[in-house]
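Here's the structure we're looking at; comments come further down.
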Protein chains: 4
Amino acid sequence: MGSYETRRLPRGGEEKDVLQRQLFVEERGAGIAWIKRDPYSPETVKGNIENYIGTARLPIGLAGPLLIHGDHARGEFYVPLATTEGSLVASYNRGMRVIGESGGCRVKIFEDHMQRAPMFRFSSLAEAEKFTRWLADKREIMDAAVSKTTSHGRLSDVDIFNLGRNVYVRFGFHTGDAAGQNMVNLATSQVCRDIAESYPGWDAVESFNLASKFCSDKKYSQINVLKSRGKKVTAEVEIPEGVLRERLRTTTAVVLDNFLSGTLSAIYAGCVSNGFHAANGIAALFIACGNDAANVAESHVDILDLRPAEGGLYFAATLPSLIVGTVGGGTSLPTQGECLDILGCRGAGNAGKFAEIVAAVVLAGEISLVGAITSDEWVGAHEKLGRNRPREDA
Amino acid sequence: MGSYETRRLPRGGEEKDVLQRQLFVEERGAGIAWIKRDPYSPETVKGNIENYIGTARLPIGLAGPLLIHGDHARGEFYVPLATTEGSLVASYNRGMRVIGESGGCRVKIFEDHMQRAPMFRFSSLAEAEKFTRWLADKREIMDAAVSKTTSHGRLSDVDIFNLGRNVYVRFGFHTGDAAGQNMVNLATSQVCRDIAESYPGWDAVESFNLASKFCSDKKYSQINVLKSRGKKVTAEVEIPEGVLRERLRTTTAVVLDNFLSGTLSAIYAGCVSNGFHAANGIAALFIACGNDAANVAESHVDILDLRPAEGGLYFAATLPSLIVGTVGGGTSLPTQGECLDILGCRGAGNAGKFAEIVAAVVLAGEISLVGAITSDEWVGAHEKLGRNRPREDA
Amino acid sequence: MGSYETRRLPRGGEEKDVLQRQLFVEERGAGIAWIKRDPYSPETVKGNIENYIGTARLPIGLAGPLLIHGDHARGEFYVPLATTEGSLVASYNRGMRVIGESGGCRVKIFEDHMQRAPMFRFSSLAEAEKFTRWLADKREIMDAAVSKTTSHGRLSDVDIFNLGRNVYVRFGFHTGDAAGQNMVNLATSQVCRDIAESYPGWDAVESFNLASKFCSDKKYSQINVLKSRGKKVTAEVEIPEGVLRERLRTTTAVVLDNFLSGTLSAIYAGCVSNGFHAANGIAALFIACGNDAANVAESHVDILDLRPAEGGLYFAATLPSLIVGTVGGGTSLPTQGECLDILGCRGAGNAGKFAEIVAAVVLAGEISLVGAITSDEWVGAHEKLGRNRPREDA
Amino acid sequence: MGSYETRRLPRGGEEKDVLQRQLFVEERGAGIAWIKRDPYSPETVKGNIENYIGTARLPIGLAGPLLIHGDHARGEFYVPLATTEGSLVASYNRGMRVIGESGGCRVKIFEDHMQRAPMFRFSSLAEAEKFTRWLADKREIMDAAVSKTTSHGRLSDVDIFNLGRNVYVRFGFHTGDAAGQNMVNLATSQVCRDIAESYPGWDAVESFNLASKFCSDKKYSQINVLKSRGKKVTAEVEIPEGVLRERLRTTTAVVLDNFLSGTLSAIYAGCVSNGFHAANGIAALFIACGNDAANVAESHVDILDLRPAEGGLYFAATLPSLIVGTVGGGTSLPTQGECLDILGCRGAGNAGKFAEIVAAVVLAGEISLVGAITSDEWVGAHEKLGRNRPREDA
């Protein structure tokens with residue numbers, strides 16, 4: 001193990017350490033001129049990265065205007081999308097135009113809380129049941145514990161699930177404008193510590209896991225679809241037949257037939273839902289706005305509801321488990337903060353607004369794709385845009 | 001609709017268009033000094049973005065060395081991770097150290113093909129069956145069609161699924177070093193066109209969908225887990241008990257108990273798999289190396305297999321549906337190409353190597369997290385690292 | 001349509017109608033001597049069947065003793081299993097013997113309620129939200145409605161799920177000793193009627209569905225696994241190493257390795273859970289005891305938890321969604337009532353006891369199968385028993 | 001353990017053993033007059049049960065005529081349904097009448113094979129890959145092995161799945177008119193034995209499992225939905241608007257709206273599919289006709305496809321994994337054989353016909369239920385029929 005040590009990277013978070021690491025990389029043969037060019041200062045990225053060597057850059061395209069009638073987001077928005085996938089901005093732009101010409105989309109947040117679900121394993125079924133009963137009316141203990149660790153967070157709900165000797169307690173928290181995973185970890189940890197002190201039968205706990213996979217962080221799960229983790233948001237629009245024909249070169253009847261076939265395909269294939277490509281818009285927004293791209297795993301579920309409407313097509317997208325924040329994480333980094341500024345979403349008081357914008361963006365992307373698919377231009381668009389240049393109307 | 005037009009963004013991909021859009025944003029009140037600072041030239045990002053206004057920047061941290069014994073990746077690697085989530089690089093770094101002190105990890109690619117699954121809907125069950133039978137021995141037609149559209153791609157397999165009047169044909173392609181979705185779209189489109197011309201019963205096709213949700217692109221699905229989409233890769237290591245104790249402050253017995261509980265939690269919660277947080281490492285690598293972060297949705301499934309081994313712990317991670325490329329997409333952009341250089345993975349001939357590195361990185365992250373969870377330091381680590389500064393040993 | 005009428009079956013539920021239908025069948029060429037032999041009287045089966053023609057018969061095998069330490073079932077039970085699958089009774093019998101020689105199994109019911117989840121669809125997202133809020137404190141209206149329709153049933157919990165314009169209200173009821181689907185339909189229908197009368201915004205309800213698939217009746221669903229429908233029951237036992245070796249010719253280490261592999265196989269294949277063949281025992285008990293065999297679809301989920309224990313193997317089976325009753329349905333038919341009698345479970349006051357027995361039987365079956373699989377005698381057992389005769393020790 | 005022995009049941013399969021067991025039960029206080037009344041002889045049930053004590057009886061109701069245009073089932077059928085759930089026969093009868101008045105349903109079998117998927121675990125990833133490659137062209141060995149064990153069965157396809165060190169080989173067999181699980185066990189066992197002898201690297205097999213959960217027998221799994229296990233069958237009908245109105249008191253528009261809502265509910269709840277209650281008809285037919293009711297777990301998945309059709313409603317039901325047989329299992333028992341006779345399905349040559357009938361019956365049940373739900377009479381029907389007597393038109 002000794003010799004292994006000698007090969008380790010230079011450590012530390014000072015300017016000189018960054019330079020040493022850059023040198024270390026270059027000595028091994030890789031040129032990193034762009035990565036180290038005009039970088040964020042080590043001070044700037046202190047809480048966001050370790051072993052810093054410079055910055056990765058992704059081009060930002062602007063799409064819009066996107067007309068939203070939400071409870072928090074109201075008016076027209078221009079949306080910064082950071083991506084390297086050609087045609088993506090153009091496609092979302094097209095959907096936004098359809099939304100605009102349809103009079104805008106309505107958006108609403110139905111749930112808003114971040115969860116952590118520790119597991120308590122007991123020495124017997126009887127002890128598991130005893131604990132479950134004891135816990136039922138201990139909300140006071142829990143609220144007190146939470147208030148020790150956070151002034152922004154608040155316990156919203158407690159849901160208990162038994163699986164034999166295992167008791168899962170799914171704590172939900174209002175986390176203000178932060179995505180809130182860290183806040184929730186700390187608060188749940190304190191709650192569990194205080195439960196441990198208060199519960200007379202604690203000796204029967206054989207093992208305890210603060211972060212059981214029941215949570216389930218950074219991965220898709222049915223429980224998060226059903227009970228939400230983060231925010232549950234729906235965006236909807238009614239697209240007049242004329243707009244469908246002119247902008248998307250399709251019709252309500254054709255779209256509905258495609259939607260039904262697609263939904264059955266999704267069921268048959270075991271897809272998470274019947275959405276098209278929510279991940280595209282979400283990833284581009286998350287990267288631009290300093291939200292965690294790993295949460296695409298959880299947030300990409302999109303349940304579509306399309307119906308005939310008077311004079312056109314009803315089109316709704318629900319994101320049951322959208323994890324976003326406008327404070328914390330990468331939100332205050334330079335370009336990230338600027339992108340939030342473009343949306344009018346930087347800092348405290350804006351998480352709801354940002355969530356509504358994300359849902360509206362996803363809606364735009366789904367509309368655009370269904371148009372492309374049903375107008376049979378899809379492959380062409382990918383080819384022309386992806387390999388050469390944006391279309392005229394991007 | 002007329003007045004709506006007037007509010008539209010300046011279009012075009014020339015330098016002056018970019019400037020006009022930057023001005024457009026600034027006039028609306030958002031400062032974008034960092035976004036437009038020393039940017040990629042419009043020419044550089046031409047095929048990757050539309051409505052370009054500048055670049056988003058994410059800090060890159062370097063983790064490693066990561067010792068890999070793969071078929072393509074062999075030796076020690078230093079891994080650039082682009083993320084804004086504090087503690088992530090430190091955590092992966094810790095896992096890589098464990099792997100190194102355990103003698104390195106073995107990695108193997110078991111499947112390697114990109115799919116597209118068009119749907120043909122027929123006017124009757126009998127016609128659906130007739131087509132299914134006709135198609136069974138038409139490989140020649142298909143191969144010829146593919147060769148019209150690509151010199152790099154090659155049809156690897158054709159799998160037919162019936163759902164009543166719907167026939168799904170799941171075409172698999174070897175796509176060389178590209179992730180390959182565009183190549184596969186074009187090739188499948190041509191195959192379908194040639195099938196349409198050759199099949200005598202084509203009049204019975206009521207609708208055709210090149211991109212049915214059966215594919216299933218940009219979203220998790222069970223079919224992609226089962227039959228793979230992209231690459232199926234496994235990374236494994238045997239961790240000596242001493243390394244477990246010293247580096248992770250845990251033991252084989254404790255880890256295995258946690259693993260079993262976690263696996264049951266995952267089944268009970270309806271998780272995609274029993275992995276921990278593969279999405280973290282994958283997203284950070286994808287962003288750094290110009291791969292599409294939206295594919296985290298598909299690629300984040302990670303099936304863990306932990307067992308007792310002689311003198312320690314066997315730890316394996318399988319990514320059944322990892323979508324990566326080293327050509328195309330964002331791989332040739334400046335910082336992205338440099339990050340691929342750091343891994344020795346830029347350009348043609350390196351997709352297999354890159355896939356093996358991704359799997360090894362995921363393995364490192366899972367090892368580190370299981371260590372953190374079972375050594376009960378998890379919350380502390382998040383708090384200290386995320387809010388203040390990297391740990392000494394990052 | 002006229003001529004179609006003439007071919008219809010004789011109707012009616014009187015003795016003479018039964019005879020006419022038997023004649024109708026025989027005239028068409030089918031002999032039904034056994035079906036009509038010494039039948040249940042039409043009066044006996046009045047509420048259980050329409051167009052009655054006689055009885056189907058399945059052989060009953062008796063397995064046991066099964067030693068149970070439950071909250072309701074206590075002592076040794078002999079279990080009637082109605083099946084036509086050779087080796088099934090012998091296999092369950094073997095598992096029961098293992099349980100007995102291990103000192104019996106402990107069983108506990110963790111949840112106990114039957115659900116119905118109507119869907120209310122609103123004319124807008126805002127109306128959906130308004131209704132959700134209004135409903136939050138209307139428990140009094142609901143309880144009053146329930147009491148109009150049932151004296152046995154009681155509303156236990158109300159859980160609200162939003163999906164855009166759709167509001168699903170999942171009502172849970174304690175249904176006494178009946179499986180309770182009918183009771184729950186009536187009560188929920190009344191609750192919805194009273195909600196309709198009380199809610200000032202009812203005009204905004206565009207459609208209402210008492211039995212949305214969200215329920216989800218007669219089919220497996222993740223929500224019923226997570227939140228239970230019917231009873232959630234766990235049975236567990238610790239099997240001494242000596243019993244494992246002597247009765248199952250296997251060892252704790254071999255079983256645990258098989259269990260882990262099997263659990264990963266189940267995750268990979270997209271199985272409902274990691275259980276083996278709970279459906280076998282459940283179907284045989286349901287048929288014998290007048291419970292609805294169609295509920296095998298919902299009830300067959302079985303989550304296994306196997307661990308090393310001191311001196312042997314810990315083995316637990318959880319049935320998250322077991323639907324059983326000892327009153328109503330087919331429970332009071334002649335042979336069905338007798339089978340319940342054999343278990344001491346006929347009639348009111350016995351549903352909990354019966355549920356515990358079902359879970360213990362499932363546990364026995366899982367133990368037996370894991371033994372057979374890991375002792376490599378599985379194929380042989382099937383062949384010998386299924387095609388020839390029971391083994392000596394059945 | 002000694003005293004435990006003394007309490008054991010009388011063993012053996014002779015007449016006298018049956019009587020002794022009956023006595024044993026009666027001495028413990030349970031009356032079993034109906035169970036032991038005029039029983040099947042022990043000889044009759046020899047291969048179907050162990051520890052026989054008499055017969056369970058379920059009332060059979062006859063529904064029909066059911067007009068089928070299949071490849072195997074052609075003409076009108078009267079269908080024996082064994083159930084204890086009041087209103088079930090009446091409901092299916094109503095659906096059959098709708099089918100008849102719509103001109104009958106078309107049915108087609110798209111896949112027909114039974115699977116067994118053993119798992120081979122290797123000592124390294126490299127060995128797993130080596131075996132996978134070796135196996136690719138060993139069809140000859142496999143076919144030869146199969147022919148040693150069965151004259152009716154034939155290997156239809158071999159599908160290989162890798163999960164790290166685990167290799168799953170999913171063998172599909174045509175099993176003639178038997179459901180075929182036993183045949184497939186024996187054949188697969190022999191194949192594996194011959195593989196073991198032929199494969200030069202067999203020493204690298206660390207464990208082998210003939211019946212891994214990947215199969216997946218007696219439980220729902222996505223792989224069996226996707227790739228079928230047993231038979232994949234679709235039944236479809238076009239219902240004229242007049243029939244919808246007259247018989248079901250509903251309309252195409254209302255049904256389609258309900259169907260769409262129901263499908264989204266099913267996705268949201270994590271249901272296996274968007275079907276209603278296929279388990280009801282399948283269980284009743286399986287019990288009546290000597291098929292294994294435990295297979296309801298696998299067979300109950302039903303994917304519905306409803307669309308507007310010219311002059312009415314297109315209604316299709318696909319059962320992707322229907323496990324049926326007309327020989328073996330309980331098919332030759334007295335009442336079971338008679339029920340198969342009523343359908344003209346007894347014995348060899350009839351499994352396809354029986355499968356088509358099952359699919360048509362499921363279709364009838366789905367049509368009837370959707371009618372009941374959308375005509376708002378559902379609760380009433382359950383109450384009146386279930387608690388009192390059949391409706392006039394049953």
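Identifiers in the structure tokens: chain A, B, ... in order shown; residue index from 1 per chain; ligand index from 1 in order shown.
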
Write out as a tab-separated table a residue-level contact list of chain C versus chain A with cut-off 10 Å: for each qualifying residue the closest pair of atoms and the distance in Å to one decimal, counting only C-alpha atoms, rows sorted by chain and residue number upward.
residue	atom	partner	partner_atom	distance
C:Asp71	CA	A:Ala126	CA	9.8
C:Arg106	CA	A:Leu125	CA	8.0
C:Val107	CA	A:Leu125	CA	7.8
C:Lys108	CA	A:Leu125	CA	6.8
C:Ile109	CA	A:Glu129	CA	9.1
C:Phe110	CA	A:Asn162	CA	6.9
C:Glu111	CA	A:Asn162	CA	8.6
C:Ser124	CA	A:Arg106	CA	9.2
C:Leu125	CA	A:Lys108	CA	6.8
C:Ala126	CA	A:Lys108	CA	7.6
C:Ala128	CA	A:Phe110	CA	9.4
C:Glu129	CA	A:Phe110	CA	7.2
C:Thr132	CA	A:Phe110	CA	9.4
C:Ile160	CA	A:Lys227	CA	9.5
C:Phe161	CA	A:Leu226	CA	7.5
C:Asn162	CA	A:Phe110	CA	6.9
C:Leu163	CA	A:Thr318	CA	6.8
C:Gly164	CA	A:Thr234	CA	5.5
C:Arg165	CA	A:Thr234	CA	8.7
C:Gln222	CA	A:Gln222	CA	7.1
C:Ile223	CA	A:Leu226	CA	7.5
C:Leu226	CA	A:Ile223	CA	7.5
C:Lys227	CA	A:Phe161	CA	7.6
C:Ser228	CA	A:Phe161	CA	9.5
C:Lys232	CA	A:Asn162	CA	8.7
C:Val233	CA	A:Gly164	CA	7.9
C:Thr234	CA	A:Gly164	CA	5.5
C:Ala235	CA	A:Gly164	CA	8.0
C:Glu236	CA	A:Leu125	CA	8.4
C:Gly270	CA	A:Gly270	CA	8.9
C:Ile303	CA	A:Leu163	CA	8.4
C:Leu304	CA	A:Gly164	CA	9.4
C:Asp305	CA	A:Gly164	CA	8.5
C:Ala316	CA	A:Gly164	CA	7.5
C:Ala317	CA	A:Gly164	CA	7.9
C:Thr318	CA	A:Gly164	CA	6.3
C:Leu319	CA	A:Leu163	CA	9.1
C:Pro320	CA	A:Leu163	CA	8.0

I want to know what sits within 10 Å of Ala144 (chain C), based on only C-alpha atoms, with residues of the same chain fewer than 2 positions away left out; could you give that as a VMD selection string? chain C and resid 139 to 142 146 to 149 155 190 to 191 194

Region 77-285 of chain B: residues DSSP assigns to alpha helix (DSSP H), reported as a PyMOL selection string: chain B and resi 88-101+125-135+139-149+181-198+222-227+241-248+252-269+278-285

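Straight-line separation from CA of Val362 (chain C) to CA of Tyr92 (chain C): 8.2 Å.
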
Return as a PyMOL selection string the full set of residues in region 74-136 of chain A whose backbone-based DSSP assignment is strand (DSSP E). chain A and resi 74-82+105-116+119-122

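With only C-alpha atoms as the atoms that count, the residue of D:Val45, D:Leu23, D:Thr84, D:His300 with the shortest distance to Phe286 (chain C) is D:Thr84.
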
Residues within 10 Å of region 93-103 of chain A, please, as JSON, numbers by chain. Count only C-alpha atoms; anything in the same chain fewer than 2 positions from it doesn't count. {"A": [61, 62, 63, 64, 65, 66, 67, 68, 69, 76, 77, 78, 79, 87, 88, 89, 90, 91, 105, 106, 236, 237, 238, 239, 240, 241, 242, 243, 244, 246, 247, 248, 312, 360, 361, 362, 363, 364, 365, 366, 367, 368, 369, 370, 371, 372, 393, 394], "B": [1, 2, 4, 5, 8, 50, 51]}

So that I can check the surroundings of Phe120 (chain A), please list as a ChimeraX atom specification every protein, DNA and RNA residue that reaches within 9 Å of it, counting only C-alpha atoms and ignoring chain neighbours fewer than 2 positions away. /A:118,122,128,165-169,205-210

I'd like the neighbourhood of Ala284 (chain D) as a ChimeraX atom specification, where a residue qualifies if any of its atoms comes within 9 Å (using only C-alpha atoms), though same-chain residues fewer than 6 positions away should be ignored. /C:293-294 /D:60,80-84,293

Shell of 9 Å around region 340-349 of chain C, only C-alpha atoms, local chain residues under 2 positions omitted, as an MDAnalysis selection string: (chainID C and resid 77:80 176:178 288:290 325:328 331:332 335:338 351:354 357) or (chainID D and resid 25:26 28:32)

Hey, can you spit out that residue selection with N, CA and C atoms as a compact mmCIF listing (two decimals), in the first residue's frame?
# COMPACT_ATOMS: atom_id res chain seq x y z
N PHE C 77 -51.88 -26.53 13.28
CA PHE C 77 -52.99 -26.53 12.33
C PHE C 77 -52.74 -27.58 11.25
N TYR C 78 -53.84 -28.21 10.84
CA TYR C 78 -53.81 -29.09 9.67
C TYR C 78 -54.50 -28.34 8.55
N VAL C 79 -53.85 -28.27 7.43
CA VAL C 79 -54.24 -27.31 6.41
C VAL C 79 -54.79 -28.00 5.16
N PRO C 80 -56.05 -27.72 4.81
CA PRO C 80 -56.63 -28.32 3.60
C PRO C 80 -56.23 -27.51 2.36
N GLY C 176 -64.00 -5.88 8.90
CA GLY C 176 -64.33 -7.02 9.76
C GLY C 176 -63.76 -8.30 9.20
N ASP C 177 -64.57 -9.33 9.11
CA ASP C 177 -64.06 -10.63 8.67
C ASP C 177 -64.35 -10.93 7.21
N ALA C 178 -64.87 -9.94 6.48
CA ALA C 178 -65.09 -10.11 5.05
C ALA C 178 -63.89 -9.56 4.28
N ALA C 288 -59.88 -23.97 -1.49
CA ALA C 288 -60.43 -24.83 -0.45
C ALA C 288 -61.38 -24.07 0.47
N CYS C 289 -61.03 -22.84 0.80
CA CYS C 289 -61.73 -22.12 1.87
C CYS C 289 -62.69 -21.05 1.37
N GLY C 290 -63.07 -21.10 0.11
CA GLY C 290 -64.11 -20.19 -0.37
C GLY C 290 -63.66 -18.76 -0.53
N GLY C 325 -61.04 -13.48 3.62
CA GLY C 325 -62.20 -13.31 4.48
C GLY C 325 -62.67 -14.64 5.00
N THR C 326 -63.40 -14.61 6.09
CA THR C 326 -64.01 -15.85 6.61
C THR C 326 -65.53 -15.75 6.63
N VAL C 327 -66.03 -14.62 6.21
CA VAL C 327 -67.47 -14.49 5.95
C VAL C 327 -67.63 -13.89 4.56
N GLY C 328 -68.80 -14.11 3.96
CA GLY C 328 -69.05 -13.58 2.62
C GLY C 328 -68.38 -14.41 1.55
N THR C 331 -67.38 -18.45 1.40
CA THR C 331 -66.95 -19.07 2.66
C THR C 331 -68.01 -19.94 3.33
N SER C 332 -69.28 -19.71 3.00
CA SER C 332 -70.30 -20.50 3.69
C SER C 332 -70.83 -21.65 2.84
N THR C 335 -68.38 -27.40 1.22
CA THR C 335 -67.00 -27.88 1.46
C THR C 335 -66.10 -26.74 1.91
N GLN C 336 -66.41 -25.55 1.47
CA GLN C 336 -65.61 -24.38 1.85
C GLN C 336 -65.72 -24.12 3.35
N GLY C 337 -66.94 -24.18 3.85
CA GLY C 337 -67.13 -24.00 5.29
C GLY C 337 -66.43 -25.10 6.07
N GLU C 338 -66.49 -26.30 5.54
CA GLU C 338 -65.83 -27.41 6.24
C GLU C 338 -64.32 -27.22 6.29
N ALA C 351 -61.01 -13.79 10.58
CA ALA C 351 -60.25 -13.37 9.40
C ALA C 351 -58.77 -13.17 9.72
N GLY C 352 -58.48 -12.60 10.88
CA GLY C 352 -57.09 -12.41 11.27
C GLY C 352 -56.39 -13.75 11.43
N LYS C 353 -57.08 -14.69 12.05
CA LYS C 353 -56.52 -16.03 12.24
C LYS C 353 -56.24 -16.68 10.89
N PHE C 354 -57.18 -16.56 10.00
CA PHE C 354 -57.02 -17.17 8.67
C PHE C 354 -55.85 -16.53 7.92
N ILE C 357 -52.65 -17.87 9.16
CA ILE C 357 -52.41 -19.24 8.67
C ILE C 357 -51.92 -19.20 7.22
N VAL D 25 -59.27 -36.00 10.96
CA VAL D 25 -59.84 -34.66 10.93
C VAL D 25 -61.09 -34.58 11.81
N GLU D 26 -61.96 -35.57 11.67
CA GLU D 26 -63.21 -35.54 12.43
C GLU D 26 -62.98 -35.64 13.93
N ARG D 28 -60.69 -34.42 15.46
CA ARG D 28 -60.26 -33.10 15.95
C ARG D 28 -61.39 -32.10 15.91
N GLY D 29 -62.59 -32.54 15.55
CA GLY D 29 -63.76 -31.69 15.75
C GLY D 29 -64.39 -31.09 14.51
N ALA D 30 -63.79 -31.28 13.34
CA ALA D 30 -64.36 -30.67 12.15
C ALA D 30 -65.23 -31.67 11.39
N GLY D 31 -66.45 -31.25 11.09
CA GLY D 31 -67.30 -32.08 10.24
C GLY D 31 -66.93 -31.91 8.79
N ILE D 32 -66.78 -33.02 8.06
CA ILE D 32 -66.39 -32.89 6.64
C ILE D 32 -67.31 -33.75 5.77

Min atom-atom distance to Ser375 (chain C) from the set C:Asp203, C:Thr252, C:Gly311, C:Thr175, counting only C-alpha atoms, belongs to C:Thr252

Find the distance between CA of Val225 (chain B) and CA of Tyr268 (chain C) and write it in Å to one decimal. 7.3 Å
